[in-house]
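*Asks:* Sharing run_19.cif (mmCIF, C-alpha atoms) below.
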data_upload
loop_
_atom_site.label_atom_id
_atom_site.label_comp_id
_atom_site.auth_asym_id
_atom_site.auth_seq_id
_atom_site.Cartn_x
_atom_site.Cartn_y
_atom_site.Cartn_z
CA MET A 1 244.01 23.57 21.01
CA ASP A 2 240.25 23.69 21.44
CA TYR A 3 238.30 21.24 19.27
CA ARG A 4 234.79 22.07 20.49
CA TYR A 5 233.59 23.04 17.03
CA ILE A 6 234.79 19.70 15.61
CA GLN A 7 233.11 17.84 18.49
CA GLN A 8 229.86 19.75 17.86
CA LEU A 9 230.08 18.87 14.15
CA MET A 10 230.67 15.23 15.08
CA GLU A 11 227.58 15.21 17.30
CA ARG A 12 225.53 16.76 14.50
CA TYR A 13 227.06 14.25 12.03
CA TRP A 14 225.93 11.28 14.14
CA SER A 15 222.45 12.84 14.36
CA CYS A 16 222.42 13.24 10.55
CA GLU A 17 222.00 17.00 10.79
CA THR A 18 225.16 18.22 9.02
CA SER A 19 225.21 19.90 5.66
CA LEU A 20 227.58 18.97 2.84
CA GLU A 21 229.84 21.92 3.67
CA GLU A 22 230.12 20.82 7.30
CA GLU A 23 230.97 17.28 6.25
CA GLU A 24 233.67 18.70 4.00
CA ILE A 25 235.07 20.58 7.01
CA LEU A 26 235.21 17.27 8.90
CA ARG A 27 236.99 15.58 5.98
CA MET A 28 239.55 18.35 5.79
CA PHE A 29 240.11 18.25 9.54
CA PHE A 30 240.67 14.49 9.64
CA SER A 31 242.95 14.57 6.58
CA GLN A 32 245.55 16.51 8.62
CA LYS A 33 248.49 14.69 10.15
CA ASP A 34 247.92 15.99 13.67
CA VAL A 35 244.56 14.71 14.91
CA PRO A 36 243.80 14.59 18.64
CA ALA A 37 243.95 11.15 20.23
CA GLU A 38 240.28 11.14 21.29
CA LEU A 39 239.20 11.81 17.69
CA LEU A 40 241.76 9.55 16.03
CA ARG A 41 239.33 6.62 15.88
CA TYR A 42 237.11 8.61 13.43
CA LYS A 43 239.95 9.45 11.04
CA ASP A 44 239.46 6.40 8.81
CA LEU A 45 235.76 7.19 8.44
CA PHE A 46 236.42 10.56 6.83
CA THR A 47 239.65 9.87 4.92
CA TYR A 48 238.81 6.61 3.15
CA GLU A 49 237.96 8.47 -0.07
CA LEU A 50 241.37 10.07 -0.22
CA ARG A 51 243.22 6.79 0.31
CA GLU A 52 241.19 4.51 -1.93
CA PRO A 53 242.01 4.65 -5.64
CA ARG A 54 239.09 5.23 -7.96
CA THR A 55 239.25 2.19 -10.20
CA ASP A 56 235.57 1.82 -10.99
CA VAL A 57 235.19 5.02 -12.99
CA LEU A 58 233.01 4.92 -16.08
CA GLY A 59 234.64 5.68 -19.40
CA ASP A 60 234.01 8.81 -21.44
CA ASP A 61 232.07 6.87 -24.06
CA PHE A 62 229.71 5.22 -21.56
CA ASP A 63 226.86 7.69 -22.11
CA GLU A 64 227.11 7.36 -25.87
CA ARG A 65 227.04 3.56 -25.73
CA VAL A 66 223.99 3.50 -23.44
CA ILE A 67 222.09 5.99 -25.59
CA SER A 68 222.91 4.06 -28.77
CA MET A 69 221.63 0.84 -27.16
CA ILE A 70 218.42 2.52 -26.02
CA GLU A 71 217.65 4.12 -29.35
CA GLU A 72 217.92 0.90 -31.35
CA PRO A 73 214.44 -0.41 -32.11
CA ALA A 74 213.93 -3.93 -30.89
CA PRO A 75 212.54 -6.33 -33.50
CA VAL A 76 208.96 -7.34 -32.83
CA LYS A 77 208.33 -11.04 -33.09
CA ALA A 78 204.63 -11.41 -33.69
CA ARG A 79 203.19 -14.91 -33.50
CA THR A 80 199.79 -16.05 -34.50
CA ILE A 81 198.14 -18.24 -31.92
CA THR A 82 195.78 -20.81 -33.35
CA MET A 83 192.76 -22.24 -31.58
CA THR A 84 194.64 -25.52 -31.12
CA HIS A 85 197.40 -23.73 -29.20
CA ARG A 86 194.83 -21.95 -27.05
CA LEU A 87 193.02 -25.18 -26.20
CA MET A 88 196.19 -27.22 -25.62
CA PRO A 89 195.98 -26.97 -21.80
CA LEU A 90 192.39 -28.21 -21.96
CA PHE A 91 193.43 -31.15 -24.15
CA LYS A 92 196.19 -32.04 -21.72
CA ALA A 93 193.79 -31.92 -18.77
CA ALA A 94 191.30 -34.15 -20.61
CA ALA A 95 194.08 -36.62 -21.41
CA VAL A 96 195.13 -36.76 -17.77
CA VAL A 97 191.54 -37.37 -16.66
CA ALA A 98 191.14 -40.12 -19.27
CA ILE A 99 194.36 -41.82 -18.13
CA ILE A 100 193.32 -41.68 -14.47
CA LEU A 101 189.89 -43.12 -15.24
CA THR A 102 191.40 -45.87 -17.38
CA LEU A 103 193.88 -46.83 -14.69
CA GLY A 104 191.11 -46.77 -12.08
CA ASN A 105 188.96 -49.11 -14.13
CA ALA A 106 191.93 -51.37 -14.84
CA ALA A 107 192.68 -51.58 -11.12
CA GLN A 108 189.12 -52.73 -10.41
CA VAL A 109 189.27 -55.72 -12.79
CA PRO A 110 191.42 -57.94 -10.54
CA PHE A 111 189.11 -57.26 -7.60
CA LYS A 112 186.02 -58.22 -9.58
CA GLN A 113 187.53 -61.53 -10.78
CA ASN A 114 188.40 -62.60 -7.24
CA ALA A 115 185.05 -61.53 -5.86
CA ASP A 116 182.64 -63.76 -3.99
CA PRO A 117 181.53 -66.63 -6.28
CA ILE A 118 177.87 -66.09 -5.41
CA SER A 119 176.06 -65.07 -8.54
CA ARG A 120 174.09 -61.91 -8.99
CA TYR A 121 171.21 -64.08 -10.22
CA ASP A 122 168.90 -64.64 -7.22
CA GLY A 123 171.62 -66.04 -4.96
CA TYR A 124 172.49 -69.06 -7.15
CA GLU A 125 176.09 -70.05 -7.54
CA ARG A 126 177.80 -69.37 -10.79
CA PHE A 127 179.61 -72.28 -12.34
CA ASP A 128 181.53 -70.30 -14.88
CA GLN A 129 184.45 -67.96 -14.36
CA GLY A 130 182.94 -65.13 -16.39
CA THR A 131 184.48 -66.13 -19.68
CA SER A 132 181.29 -66.78 -21.63
CA VAL A 133 177.83 -65.24 -21.46
CA ALA A 134 176.25 -68.31 -23.01
CA MET A 135 177.88 -70.51 -20.42
CA SER A 136 176.58 -68.41 -17.56
CA ASP A 137 173.05 -68.35 -19.00
CA SER A 138 173.00 -72.13 -19.44
CA ALA A 139 174.31 -72.57 -15.89
CA VAL A 140 171.49 -70.42 -14.55
CA MET A 141 168.93 -72.31 -16.60
CA ASP A 142 170.31 -75.67 -15.39
CA THR A 143 170.11 -74.48 -11.81
CA ILE A 144 166.53 -73.34 -12.26
CA GLN A 145 165.55 -76.67 -13.79
CA GLN A 146 167.26 -78.66 -11.05
CA SER A 147 165.51 -76.76 -8.28
CA SER A 148 162.12 -77.46 -9.88
CA ILE A 149 161.21 -73.84 -10.04
CA GLN A 150 159.13 -73.17 -13.05
CA PRO A 151 159.51 -69.88 -14.84
CA LYS A 152 156.47 -67.63 -14.46
CA ALA A 153 155.67 -67.81 -18.15
CA THR A 154 155.17 -71.58 -17.90
CA ASN A 155 153.01 -71.20 -14.77
CA ILE A 156 150.56 -69.13 -16.73
CA LEU A 157 150.18 -71.77 -19.40
CA LYS A 158 149.17 -74.50 -16.95
#
Kindly transcribe the structure held in the file into structure tokens.
*Replies:*
Amino acid sequence: MDYRYIQQLMERYWSCETSLEEEEILRMFFSQKDVPAELLRYKDLFTYELREPRTDVLGDDFDERVISMIEEPAPVKARTITMTHRLMPLFKAAAVVAIILTLGNAAQVPFKQNADPISRYDGYERFDQGTSVAMSDSAVMDTIQQSSIQPKATNILK
């Protein structure tokens, strides 16, 4: 038997040029029991629909259920947004900046206490540990008196 027409349809099928009627002809041909040996490898491709049971068929009431779900109005949940809620991200950012600055300042305190003991007052040594302002002022005054440097105000009076 000559199967040139079927071979031509197969070539057009692989080139995606067949119509639906021609594909139906191929399905009918491959659903026969006597298929040539050279075309037997394509039989499963065209007969899988006939062998597979259709278990995933939609029910008769599917359309009605979908339409009833679509037509139901969804409740609208309107919320009022206050100014506090709108500015909440800004408040959070300001709090983060304040925490970072506070931690940065707190980290600097140990470095300042262990700093060089030379005073910031004209190169004189400080005798206090920074606990009292009065103590540091009296230490500076004692140092000035011991070095015999007269304050400028007293130089004017002489």
*Asks:* To one decimal in Å, tell me the separation between CA of Tyr48 in chain A and CA of Leu20 in chain A.
*Replies:*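 Going from CA of Tyr48 in chain A over to CA of Leu20 in chain A, I get 16.7 Å.
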*Asks:* Just give me the gap between CA of Ser31 in chain A and CA of Glu52 in chain A in Å, one decimal is fine.
*Replies:*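 Atom-to-atom, CA of Ser31 in chain A to CA of Glu52 in chain A, that is 13.3 Å.
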*Asks:* Which distance in Å separates CA of Leu9 in chain A and CA of Glu24 in chain A, to one decimal?
*Replies:*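 Interatomic distance here is 10.8 Å.
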*Asks:* Please output range 42-53 of chain A, rebuilt to include N, CA and C atoms, as a PDB file, in the frame of the given file.
*Replies:*
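To be explicit, this is the file written out as part.pdb:
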ATOM      1  N   TYR A  42     238.028   8.215  14.510  1.00  0.00           N
ATOM      2  CA  TYR A  42     237.110   8.610  13.430  1.00  0.00           C
ATOM      3  C   TYR A  42     237.844   8.991  12.144  1.00  0.00           C
ATOM      4  N   LYS A  43     239.162   8.997  12.184  1.00  0.00           N
ATOM      5  CA  LYS A  43     239.950   9.450  11.040  1.00  0.00           C
ATOM      6  C   LYS A  43     239.688   8.591   9.808  1.00  0.00           C
ATOM      7  N   ASP A  44     239.665   7.288   9.966  1.00  0.00           N
ATOM      8  CA  ASP A  44     239.460   6.400   8.810  1.00  0.00           C
ATOM      9  C   ASP A  44     238.082   6.601   8.171  1.00  0.00           C
ATOM     10  N   LEU A  45     237.106   6.975   8.959  1.00  0.00           N
ATOM     11  CA  LEU A  45     235.760   7.190   8.440  1.00  0.00           C
ATOM     12  C   LEU A  45     235.710   8.335   7.433  1.00  0.00           C
ATOM     13  N   PHE A  46     236.483   9.377   7.695  1.00  0.00           N
ATOM     14  CA  PHE A  46     236.420  10.560   6.830  1.00  0.00           C
ATOM     15  C   PHE A  46     237.519  10.609   5.778  1.00  0.00           C
ATOM     16  N   THR A  47     238.543   9.794   5.890  1.00  0.00           N
ATOM     17  CA  THR A  47     239.650   9.870   4.920  1.00  0.00           C
ATOM     18  C   THR A  47     239.719   8.671   3.980  1.00  0.00           C
ATOM     19  N   TYR A  48     238.743   7.798   4.024  1.00  0.00           N
ATOM     20  CA  TYR A  48     238.810   6.610   3.150  1.00  0.00           C
ATOM     21  C   TYR A  48     238.745   6.994   1.683  1.00  0.00           C
ATOM     22  N   GLU A  49     238.056   8.062   1.342  1.00  0.00           N
ATOM     23  CA  GLU A  49     237.960   8.470  -0.070  1.00  0.00           C
ATOM     24  C   GLU A  49     239.301   8.940  -0.613  1.00  0.00           C
ATOM     25  N   LEU A  50     240.076   9.567   0.238  1.00  0.00           N
ATOM     26  CA  LEU A  50     241.370  10.070  -0.220  1.00  0.00           C
ATOM     27  C   LEU A  50     242.383   8.948  -0.413  1.00  0.00           C
ATOM     28  N   ARG A  51     242.265   7.891   0.384  1.00  0.00           N
ATOM     29  CA  ARG A  51     243.220   6.790   0.310  1.00  0.00           C
ATOM     30  C   ARG A  51     242.867   5.747  -0.736  1.00  0.00           C
ATOM     31  N   GLU A  52     241.621   5.546  -0.995  1.00  0.00           N
ATOM     32  CA  GLU A  52     241.190   4.510  -1.930  1.00  0.00           C
ATOM     33  C   GLU A  52     241.311   5.014  -3.369  1.00  0.00           C
ATOM     34  N   PRO A  53     241.942   4.236  -4.231  1.00  0.00           N
ATOM     35  CA  PRO A  53     242.010   4.650  -5.640  1.00  0.00           C
ATOM     36  C   PRO A  53     240.659   4.445  -6.329  1.00  0.00           C
TER      37      PRO A  53
END
